[in-house]
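Containing compact mmCIF, C-alpha atoms and all ligand atoms: query-v5.txt.
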```txt
# COMPACT_ATOMS: atom_id res chain seq x y z
CA MET A 1 -136.88 32.22 109.33
CA SER A 2 -139.64 30.14 107.79
CA ARG A 3 -139.12 26.40 108.12
CA GLY A 4 -141.03 25.74 104.94
CA ARG A 5 -138.31 27.32 102.80
CA PHE A 6 -135.87 24.52 103.57
CA PRO A 7 -135.98 20.96 102.35
CA ALA A 8 -136.74 18.27 104.86
CA GLY A 9 -133.54 16.64 106.14
CA GLY A 10 -132.71 18.88 109.01
CA GLY A 11 -129.36 20.31 110.03
CA VAL A 12 -127.18 19.15 107.08
CA ALA A 13 -129.49 20.64 104.47
CA LEU A 14 -129.81 23.80 106.51
CA ALA A 15 -126.03 24.13 106.86
CA LYS A 16 -125.56 23.50 103.13
CA HIS A 17 -128.10 26.18 102.33
CA HIS A 18 -126.36 28.58 104.70
CA VAL A 19 -122.93 27.94 103.10
CA GLN A 20 -124.36 28.44 99.61
CA ASN A 21 -125.93 31.70 100.73
CA GLU A 22 -122.67 32.82 102.29
CA MET A 23 -120.73 31.95 99.11
CA ALA A 24 -123.19 33.84 96.97
CA THR A 25 -122.98 36.89 99.22
CA ARG A 26 -119.20 36.92 99.26
CA GLY A 27 -118.80 35.89 95.64
CA VAL A 28 -116.69 32.87 96.48
CA GLY A 29 -116.26 30.33 93.70
CA MET A 30 -118.34 32.02 91.02
CA ASN A 31 -116.93 35.47 90.66
CA ARG A 32 -117.10 36.02 86.93
CA LEU A 33 -116.55 39.78 87.21
CA ARG A 34 -113.33 39.42 89.15
CA ARG A 35 -111.89 36.84 86.72
CA LEU A 36 -112.88 38.93 83.70
CA ALA A 37 -111.51 42.17 85.14
CA LEU A 38 -108.24 40.43 86.06
CA LEU A 39 -107.88 38.93 82.57
CA THR A 40 -108.57 42.35 81.02
CA SER A 41 -106.03 44.00 83.35
CA LEU A 42 -103.39 41.48 82.25
CA ALA A 43 -104.23 42.07 78.58
CA ALA A 44 -104.13 45.86 79.13
CA TYR A 45 -100.73 45.49 80.80
CA ALA A 46 -99.41 43.50 77.81
CA LEU A 47 -100.81 46.22 75.55
CA VAL A 48 -98.87 48.92 77.44
CA VAL A 49 -95.61 46.95 77.03
CA LEU A 50 -96.29 46.25 73.36
CA GLY A 51 -97.12 49.95 72.87
CA GLY A 52 -93.70 50.79 74.34
CA LEU A 53 -92.07 48.38 71.88
CA VAL A 54 -93.98 49.95 68.97
CA ARG A 55 -92.69 53.38 69.96
CA GLY A 56 -89.15 52.21 70.73
CA THR A 57 -88.75 50.39 67.41
CA GLY A 58 -90.59 53.06 65.40
CA ALA A 59 -93.02 50.35 64.19
CA GLY A 60 -96.02 52.72 64.42
CA LEU A 61 -96.32 53.17 60.66
CA ALA A 62 -95.15 49.68 59.65
CA CYS A 63 -98.78 48.96 58.74
CA PRO A 64 -99.60 51.95 56.52
CA ASP A 65 -103.33 51.17 56.25
CA TRP A 66 -106.12 50.48 58.76
CA PRO A 67 -107.95 48.27 59.72
CA LEU A 68 -106.04 45.92 57.38
CA CYS A 69 -102.23 45.82 57.29
CA HIS A 70 -100.72 46.08 53.78
CA GLY A 71 -104.24 45.32 52.56
CA ARG A 72 -104.21 41.89 54.25
CA ILE A 73 -105.71 40.36 57.40
CA ILE A 74 -102.50 38.38 58.05
CA PRO A 75 -99.68 40.78 57.15
CA PRO A 76 -96.22 40.06 55.68
CA LEU A 77 -94.01 38.30 58.25
CA GLU A 78 -91.56 41.15 58.90
CA PRO A 79 -90.52 42.03 62.48
CA LEU A 80 -91.74 45.67 62.57
CA VAL A 81 -94.99 44.86 60.76
CA LEU A 82 -95.65 41.97 63.17
CA ILE A 83 -95.06 44.21 66.21
CA GLU A 84 -97.54 46.83 64.98
CA TRP A 85 -100.02 44.18 63.85
CA ALA A 86 -99.86 42.38 67.23
CA HIS A 87 -100.40 45.76 68.94
CA ARG A 88 -103.53 46.43 66.90
CA LEU A 89 -104.85 42.91 67.43
CA LEU A 90 -104.32 43.07 71.20
CA ALA A 91 -105.88 46.57 71.34
CA SER A 92 -109.02 45.19 69.64
CA ILE A 93 -109.17 42.25 72.08
CA VAL A 94 -108.75 44.60 75.07
CA GLY A 95 -111.47 46.87 73.64
CA LEU A 96 -113.93 43.97 73.43
CA LEU A 97 -112.99 42.70 76.89
CA VAL A 98 -113.56 46.12 78.50
CA VAL A 99 -117.06 46.32 77.04
CA VAL A 100 -117.80 42.86 78.48
CA VAL A 101 -116.36 43.90 81.89
CA ALA A 102 -118.64 46.96 81.98
CA VAL A 103 -121.71 44.88 81.05
CA VAL A 104 -120.91 42.18 83.64
CA ALA A 105 -120.16 44.83 86.30
CA TYR A 106 -123.53 46.44 85.64
CA ARG A 107 -125.29 43.08 85.85
CA SER A 108 -123.48 42.24 89.10
CA ARG A 109 -124.19 45.66 90.61
CA ARG A 110 -126.12 44.18 93.55
CA GLN A 111 -123.27 41.91 94.52
CA TRP A 112 -120.35 44.25 93.75
CA PRO A 113 -121.79 47.79 93.82
CA GLN A 114 -118.39 49.49 94.20
CA ALA A 115 -116.95 47.79 91.10
CA VAL A 116 -119.44 49.40 88.69
CA LEU A 117 -117.92 52.91 88.66
CA PRO A 118 -114.29 51.89 87.91
CA ALA A 119 -115.51 49.48 85.20
CA PHE A 120 -117.36 52.33 83.46
CA ILE A 121 -114.42 54.71 83.97
CA ALA A 122 -112.26 52.10 82.15
CA LEU A 123 -114.79 52.08 79.30
CA GLY A 124 -114.68 55.90 79.06
CA LEU A 125 -110.88 55.94 79.17
CA LEU A 126 -110.78 53.38 76.39
CA VAL A 127 -112.61 55.82 74.11
CA VAL A 128 -110.20 58.65 75.05
CA GLN A 129 -107.24 56.31 74.49
CA VAL A 130 -108.38 55.28 71.01
CA VAL A 131 -108.69 58.96 69.99
CA LEU A 132 -105.30 59.84 71.50
CA GLY A 133 -103.69 56.74 69.94
CA GLY A 134 -104.88 57.87 66.52
CA LEU A 135 -103.52 61.38 67.11
CA THR A 136 -100.19 59.99 68.39
CA VAL A 137 -99.60 57.92 65.27
CA HIS A 138 -101.17 59.97 62.50
CA LEU A 139 -101.24 63.65 63.35
CA LEU A 140 -99.12 65.06 66.09
CA LEU A 141 -96.32 63.28 67.85
CA THR A 142 -95.99 66.18 70.26
CA PRO A 143 -94.81 65.49 73.81
CA ALA A 144 -98.20 66.67 75.17
CA ILE A 145 -100.10 64.04 73.18
CA VAL A 146 -97.59 61.28 73.92
CA VAL A 147 -97.80 62.08 77.66
CA ALA A 148 -101.62 62.26 77.53
CA HIS A 149 -101.66 58.84 75.80
CA LEU A 150 -99.41 57.41 78.53
CA ALA A 151 -101.49 59.07 81.29
CA THR A 152 -104.73 57.61 79.90
CA GLY A 153 -103.14 54.18 79.41
CA MET A 154 -101.97 54.01 83.02
CA ALA A 155 -105.31 55.34 84.35
CA PHE A 156 -107.06 52.70 82.21
CA LEU A 157 -104.92 49.95 83.74
CA ALA A 158 -105.56 51.39 87.21
CA SER A 159 -109.35 51.43 86.76
CA LEU A 160 -109.37 47.80 85.58
CA LEU A 161 -107.26 46.73 88.55
CA THR A 162 -109.55 48.70 90.87
CA THR A 163 -112.55 46.89 89.36
CA THR A 164 -110.77 43.58 90.07
CA VAL A 165 -110.00 44.51 93.68
CA LEU A 166 -113.51 45.84 94.35
CA ALA A 167 -115.04 42.64 92.96
CA THR A 168 -113.01 40.55 95.40
CA PRO A 169 -114.30 39.58 98.83
CA ALA A 170 -112.36 41.48 101.49
CA ALA A 171 -109.61 39.12 102.58
CA GLN A 172 -108.86 38.36 106.20
CA PRO A 173 -112.05 39.28 108.02
CA GLY A 174 -111.12 41.00 111.26
CA GLY A 175 -107.98 42.67 109.90
CA THR A 176 -107.79 46.46 110.00
CA VAL A 177 -105.70 49.18 108.40
CA SER A 178 -104.72 52.60 109.74
CA ALA A 179 -105.93 55.79 108.01
CA GLY A 180 -102.31 56.97 107.83
CA PHE A 181 -101.30 53.91 105.84
CA ARG A 182 -104.13 54.40 103.35
CA THR A 183 -102.97 57.99 102.77
CA LEU A 184 -99.33 56.97 102.50
CA ALA A 185 -100.10 54.24 99.94
CA LEU A 186 -102.23 56.70 97.95
CA ILE A 187 -99.47 59.35 97.90
CA THR A 188 -96.90 56.73 96.82
CA ALA A 189 -99.13 55.50 93.98
CA LEU A 190 -99.92 59.05 92.79
CA SER A 191 -96.28 60.13 92.88
CA THR A 192 -95.31 57.02 90.87
CA TYR A 193 -98.00 57.96 88.35
CA GLY A 194 -96.48 61.47 88.15
CA LEU A 195 -93.00 60.02 87.65
CA ILE A 196 -94.27 57.81 84.83
CA LEU A 197 -95.68 60.87 83.05
CA LEU A 198 -92.37 62.66 83.56
CA GLY A 199 -90.66 59.62 81.97
CA GLY A 200 -93.00 59.97 78.98
CA LEU A 201 -92.01 63.63 78.72
CA VAL A 202 -88.33 62.65 78.80
CA SER A 203 -88.66 60.14 75.96
CA SER A 204 -91.00 62.22 73.77
CA SER A 205 -88.85 65.37 74.17
CA GLY A 206 -85.77 63.47 73.01
CA ALA A 207 -84.17 63.90 76.44
CA GLY A 208 -83.43 60.18 76.89
CA LEU A 209 -79.71 60.69 76.28
CA ALA A 210 -79.52 64.35 77.33
CA CYS A 211 -77.40 63.08 80.21
CA PRO A 212 -75.15 60.58 78.40
CA ASP A 213 -73.77 59.15 81.65
CA TRP A 214 -75.22 57.73 84.87
CA PRO A 215 -75.54 58.45 87.78
CA LEU A 216 -73.86 61.81 86.99
CA CYS A 217 -74.94 64.09 84.13
CA HIS A 218 -72.07 65.14 81.82
CA GLY A 219 -69.78 64.18 84.70
CA GLN A 220 -71.45 66.77 86.98
CA LEU A 221 -73.90 66.56 89.85
CA LEU A 222 -76.17 69.21 88.26
CA PRO A 223 -77.24 69.20 84.57
CA PRO A 224 -75.97 71.83 82.10
CA PRO A 225 -78.31 74.88 81.99
CA ALA A 226 -79.03 74.65 78.23
CA GLY A 227 -80.97 71.93 76.38
CA VAL A 228 -83.34 69.29 77.77
CA ALA A 229 -80.98 67.69 80.28
CA HIS A 230 -83.04 69.24 83.10
CA LEU A 231 -85.92 66.89 82.15
CA GLN A 232 -83.69 63.83 82.42
CA PHE A 233 -82.30 65.19 85.68
CA ALA A 234 -85.81 65.83 87.07
CA HIS A 235 -86.75 62.25 86.14
CA ARG A 236 -83.80 60.87 88.09
CA LEU A 237 -84.53 63.11 91.06
CA GLY A 238 -88.21 62.08 90.89
CA ALA A 239 -87.16 58.41 90.90
CA LEU A 240 -85.16 59.07 94.06
CA THR A 241 -88.14 60.71 95.78
CA VAL A 242 -90.58 57.99 94.69
CA GLY A 243 -88.02 55.40 95.81
CA VAL A 244 -88.04 56.85 99.33
CA PHE A 245 -91.86 56.78 99.41
CA ILE A 246 -91.90 53.17 98.21
CA LEU A 247 -89.46 52.06 100.90
CA ILE A 248 -91.40 53.86 103.65
CA THR A 249 -94.66 52.32 102.39
CA ALA A 250 -93.15 48.83 102.30
CA LEU A 251 -91.84 49.23 105.85
CA ALA A 252 -95.11 50.71 107.12
CA SER A 253 -97.12 47.87 105.53
CA ARG A 254 -95.51 45.44 107.97
CA ARG A 255 -97.61 46.99 110.72
CA GLN A 256 -100.83 46.41 108.73
CA THR A 257 -102.52 43.12 107.73
CA PRO A 258 -100.35 40.39 106.12
CA HIS A 259 -102.28 40.62 102.83
CA LEU A 260 -101.28 44.30 102.52
CA ALA A 261 -97.70 43.61 103.60
CA LYS A 262 -97.42 40.87 100.95
CA VAL A 263 -98.32 43.25 98.09
CA ALA A 264 -96.13 46.07 99.41
CA ALA A 265 -93.17 43.70 99.87
CA ALA A 266 -92.90 43.27 96.09
CA THR A 267 -92.41 46.98 95.39
CA PRO A 268 -88.81 47.61 96.59
CA GLY A 269 -87.56 44.79 94.31
CA LEU A 270 -89.46 46.24 91.34
CA LEU A 271 -88.05 49.68 92.17
CA ALA A 272 -84.46 48.34 92.22
CA GLY A 273 -85.03 46.62 88.85
CA GLN A 274 -86.50 49.82 87.42
CA ILE A 275 -83.54 51.95 88.49
CA LEU A 276 -81.18 49.38 86.96
CA LEU A 277 -83.16 49.38 83.70
CA GLY A 278 -83.03 53.22 83.71
CA ALA A 279 -79.23 53.01 83.81
CA ILE A 280 -79.18 50.27 81.14
CA ASN A 281 -81.29 52.62 78.99
CA ILE A 282 -78.35 55.02 79.02
CA TRP A 283 -75.62 52.38 78.63
CA THR A 284 -77.33 50.73 75.62
CA ARG A 285 -78.16 54.12 74.05
CA LEU A 286 -81.91 53.46 74.35
CA ALA A 287 -82.11 49.95 72.88
CA PRO A 288 -85.83 49.46 72.06
CA VAL A 289 -86.14 46.27 74.08
CA VAL A 290 -84.69 48.06 77.14
CA THR A 291 -86.96 51.13 76.82
CA ALA A 292 -89.96 48.78 76.45
CA ALA A 293 -88.84 46.83 79.53
CA HIS A 294 -88.42 50.13 81.45
CA LEU A 295 -91.98 51.07 80.56
CA GLY A 296 -93.20 47.55 81.41
CA LEU A 297 -91.62 47.56 84.85
CA ALA A 298 -92.92 51.10 85.51
CA ALA A 299 -96.44 49.85 84.73
CA MET A 300 -95.93 46.78 86.93
CA LEU A 301 -94.74 48.91 89.87
CA PHE A 302 -97.68 51.27 89.45
CA ALA A 303 -100.08 48.29 89.17
CA MET A 304 -98.82 46.85 92.47
CA LEU A 305 -99.32 50.21 94.16
CA VAL A 306 -102.86 50.52 92.77
CA VAL A 307 -103.68 47.05 94.12
CA LEU A 308 -102.17 48.07 97.48
CA VAL A 309 -104.31 51.23 97.61
CA GLY A 310 -107.43 49.31 96.50
CA ARG A 311 -106.90 46.60 99.10
CA SER A 312 -106.17 49.10 101.85
CA PHE A 313 -109.48 50.86 101.12
CA ARG A 314 -111.18 47.45 101.10
CA THR A 315 -109.82 46.72 104.59
CA PRO A 316 -111.78 48.31 107.46
CA LEU A 317 -110.14 51.15 109.35
CA GLY A 318 -108.81 50.11 112.71
CA ALA A 319 -107.85 51.89 115.89
CA ALA A 320 -105.34 54.53 114.83
CA THR A 321 -101.94 52.87 114.66
CA SER A 322 -99.19 54.92 113.07
CA ALA A 323 -98.53 54.06 109.41
CA LEU A 324 -94.87 54.87 109.88
CA PRO A 325 -92.59 52.18 111.23
CA GLN A 326 -91.87 52.58 114.90
CA PRO A 327 -88.86 51.47 116.89
CA GLN A 328 -88.99 48.03 118.49
CA GLY A 329 -90.59 48.15 121.89
CA ALA A 330 -92.55 51.32 121.15
CA ARG A 331 -95.85 49.41 121.27
C1 LIG A 401 -89.32 54.36 89.87
C2 LIG A 401 -88.44 54.72 88.97
C3 LIG A 401 -88.74 55.01 87.52
C4 LIG A 401 -89.94 54.99 86.82
C5 LIG A 401 -91.32 54.63 87.34
C6 LIG A 401 -89.63 55.37 85.46
C7 LIG A 401 -90.55 55.45 84.42
C8 LIG A 401 -90.27 55.83 83.13
C9 LIG A 401 -91.23 55.89 82.06
C10 LIG A 401 -92.70 55.50 82.16
C11 LIG A 401 -90.59 56.31 80.95
C12 LIG A 401 -91.23 56.54 79.56
C13 LIG A 401 -91.06 55.32 78.72
C14 LIG A 401 -91.68 55.48 77.35
O1 LIG A 401 -92.26 56.51 77.05
O2 LIG A 401 -91.59 54.53 76.57
C15 LIG A 401 -89.21 56.54 81.30
C16 LIG A 401 -88.24 56.99 80.43
C17 LIG A 401 -86.90 57.03 80.75
N1 LIG A 401 -86.32 56.76 81.97
FE1 LIG A 401 -87.27 56.20 83.67
N2 LIG A 401 -88.28 55.61 85.35
C18 LIG A 401 -87.70 55.42 86.59
C19 LIG A 401 -86.37 55.57 86.92
C20 LIG A 401 -85.36 55.92 86.04
C21 LIG A 401 -83.97 56.07 86.40
C22 LIG A 401 -83.36 55.92 87.79
C23 LIG A 401 -83.30 56.36 85.27
C24 LIG A 401 -81.80 56.56 85.22
C25 LIG A 401 -81.15 57.02 84.31
C26 LIG A 401 -84.29 56.43 84.16
C27 LIG A 401 -84.01 56.71 82.84
C28 LIG A 401 -84.95 56.88 81.84
C29 LIG A 401 -84.63 57.25 80.48
C30 LIG A 401 -83.25 57.47 79.90
C31 LIG A 401 -85.85 57.34 79.79
C32 LIG A 401 -86.05 57.72 78.31
C33 LIG A 401 -86.24 56.49 77.45
C34 LIG A 401 -86.54 56.89 76.00
O3 LIG A 401 -86.09 57.94 75.55
O4 LIG A 401 -87.26 56.13 75.35
N3 LIG A 401 -85.52 56.15 84.69
N4 LIG A 401 -89.05 56.24 82.64
```

Same coordinates, now as structure tokens:
Amino acid sequence: MSRGRFPAGGGVALAKHHVQNEMATRGVGMNRLRRLALLTSLAAYALVVLGGLVRGTGAGLACPDWPLCHGRIIPPLEPLVLIEWAHRLLASIVGLLVVVVAVVAYRSRRQWPQAVLPAFIALGLLVVQVVLGGLTVHLLLTPAIVVAHLATGMAFLASLLTTTVLATPAAQPGGTVSAGFRTLALITALSTYGLILLGGLVSSSGAGLACPDWPLCHGQLLPPPAGVAHLQFAHRLGALTVGVFILITALASRRQTPHLAKVAAATPGLLAGQILLGAINIWTRLAPVVTAAHLGLAAMLFAMLVVLVGRSFRTPLGAATSALPQPQGAR
């Protein structure tokens, strides 16, 4: 180390320089990319919920023209028009933010090399989502397109959250995670993603009330063979399976680092709320605010699992400890 690079003044100046270097390397205190990606993730989350409200209330065509609404920048103050208008406005803001995230990720590529790919994936998914959104509203409201729109929306949210996690200094230096836990968290997140798409299929196929009761279906354990009740039934069965995975993951996380356990600890509560909202969907005969809340909580649960997976891949692998909870005294 060349002495001449440091100002005269000895140890204090040297220590200050070292701390500044350390902060720059770890991104502490100045991480613009992380803050931007987090803000964009939150806005994308709000957009998903608002999109659910647009669909639930049938507000999609409340603004018959585009880009204006009823030929005006500020539309008439009617509830459905305002919902659709707010959805469009937020979509434009999210669009702009994603472009900025991609540019900032590219410019910070030396500091956060892993965050560049998810940021650009988010940008690509945005383009796909805009095309699918147009098809959903204007051309074909087929289940396939509705599900594809939901799939892209959730993947978009996931890539923004991944950008955020990968632009964050790894917490708790020294902590390790087991390979089994990483796999378990990944399977739980992917199966929740699958269940969300199944939910989209239920609502777009008009199977929301195909089982008019809950937890049984037409008073039976198994759905009637005709109609679309099997979709509703599969959704409930899927929720049960995902629920088991979530509980196992939350339990297993307690054997990993505290920062992983903290994220995982939120998921059983979200799961319970989601199951309750599923039942309220049926009891209120699909009240729009309840279907939007069901979609919102689904996205929140998925988001937590994405963060858990991201953080577990950010934590170094440790000596193989089992990801599954073990009886007391087994260590
Ligand atoms: C982890 C558990 C669950 C997740 C992640 C989940 C997710 C979803 C999603 C994403 C949708 C589509 C919403 C939309 O397109 O706007 C949906 C629809 C639906 N879900 Fe669930 N769900 C879960 C559990 C349940 C349970 C236990 C029930 C119990 C009855 C249920 C009942 C429904 C109904 C009735 C719909 C159709 C709503 C409509 O037609 O708009 N869900 N679900």

At a cut-off of 9 Å, using only C-alpha atoms, what residues contact Cys211 in chain A? Leave out same-chain residues fewer than 4 positions from it and give the result as a PyMOL selection string. chain A and resi 207+216-219+223+228-230+232-233+282

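The space separating CA of Leu277 in chain A from CA of Gly194 in chain A comes to 18.5 Å.
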
I'd like a table as a tab-separated table: residues in chain A with an atom no more than 7 Å from ligand LIG 401 (chain A), each row giving the shortest atom pair and its distance in Å to one decimal, all atoms listed in the file counted, sorted by chain and rising residue number.
```
residue	atom	partner	partner_atom	distance
A:Gly52	CA	A:LIG401	O2	4.8
A:Arg55	CA	A:LIG401	O2	6.8
A:Gly56	CA	A:LIG401	O4	6.3
A:Thr192	CA	A:LIG401	C5	5.8
A:Leu195	CA	A:LIG401	C5	5.7
A:Ile196	CA	A:LIG401	C10	3.9
A:Leu197	CA	A:LIG401	C10	6.2
A:Gly199	CA	A:LIG401	C11	3.5
A:Gly200	CA	A:LIG401	C12	3.9
A:Val202	CA	A:LIG401	C32	5.5
A:Ser203	CA	A:LIG401	O3	3.4
A:Ser204	CA	A:LIG401	O1	6.7
A:Gly206	CA	A:LIG401	O3	6.1
A:Ala207	CA	A:LIG401	O3	6.3
A:Gly208	CA	A:LIG401	O3	3.7
A:Leu209	CA	A:LIG401	C30	6.0
A:Trp214	CA	A:LIG401	C25	6.0
A:Pro215	CA	A:LIG401	C25	6.7
A:Gln232	CA	A:LIG401	C30	6.9
A:His235	CA	A:LIG401	N3	6.4
A:Arg236	CA	A:LIG401	C22	5.0
A:Ala239	CA	A:LIG401	C2	4.4
A:Val242	CA	A:LIG401	C1	6.2
A:Gly243	CA	A:LIG401	C1	6.2
A:Leu271	CA	A:LIG401	C1	5.4
A:Gln274	CA	A:LIG401	C2	5.5
A:Ile275	CA	A:LIG401	C22	4.0
A:Leu276	CA	A:LIG401	C22	6.9
A:Gly278	CA	A:LIG401	C26	3.5
A:Ala279	CA	A:LIG401	C25	4.5
A:Asn281	CA	A:LIG401	C30	5.3
A:Ile282	CA	A:LIG401	C30	5.5
A:Leu286	CA	A:LIG401	C34	6.0
A:Thr291	CA	A:LIG401	O4	5.2
A:Ala292	CA	A:LIG401	O2	6.0
A:His294	CA	A:LIG401	C8	6.2
A:Leu295	CA	A:LIG401	C13	4.7
A:Ala298	CA	A:LIG401	C5	4.3
```

Between A:Arg182, A:Arg285, A:Arg109, A:Arg88, which has the minimum distance to Ala167 in chain A (counting only C-alpha atoms)?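 Smallest distance to Ala167 in chain A is found for A:Arg109.
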
Å distance separating CA of Trp112 in chain A from CA of Ser178 in chain A, one decimal place: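 Calculated distance between CA of Trp112 in chain A and CA of Ser178 in chain A is 23.9 Å.
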
Env of Ala91 in chain A: 12 Å cut, atoms = only C-alpha atoms, seq-sep filter 6 positions within chain, self excluded. Answer as a ChimeraX atom specification. /A:40,43-51,67,84-85,97-98,126-127,129-130,133,153

State, in Å with one decimal place, the distance from CA of Ala148 in chain A to CA of Ala189 in chain A.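 Taking CA of Ala148 in chain A as the start and CA of Ala189 in chain A as the end point, the length is 18.0 Å.
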
Neighbour list for Leu160 in chain A as a PyMOL selection string, cut-off 9 Å, only C-alpha atoms, skip fewer than 5 positions in-chain: chain A and resi 37-38+40-41+44+98+101+118-119+121-122+155+165
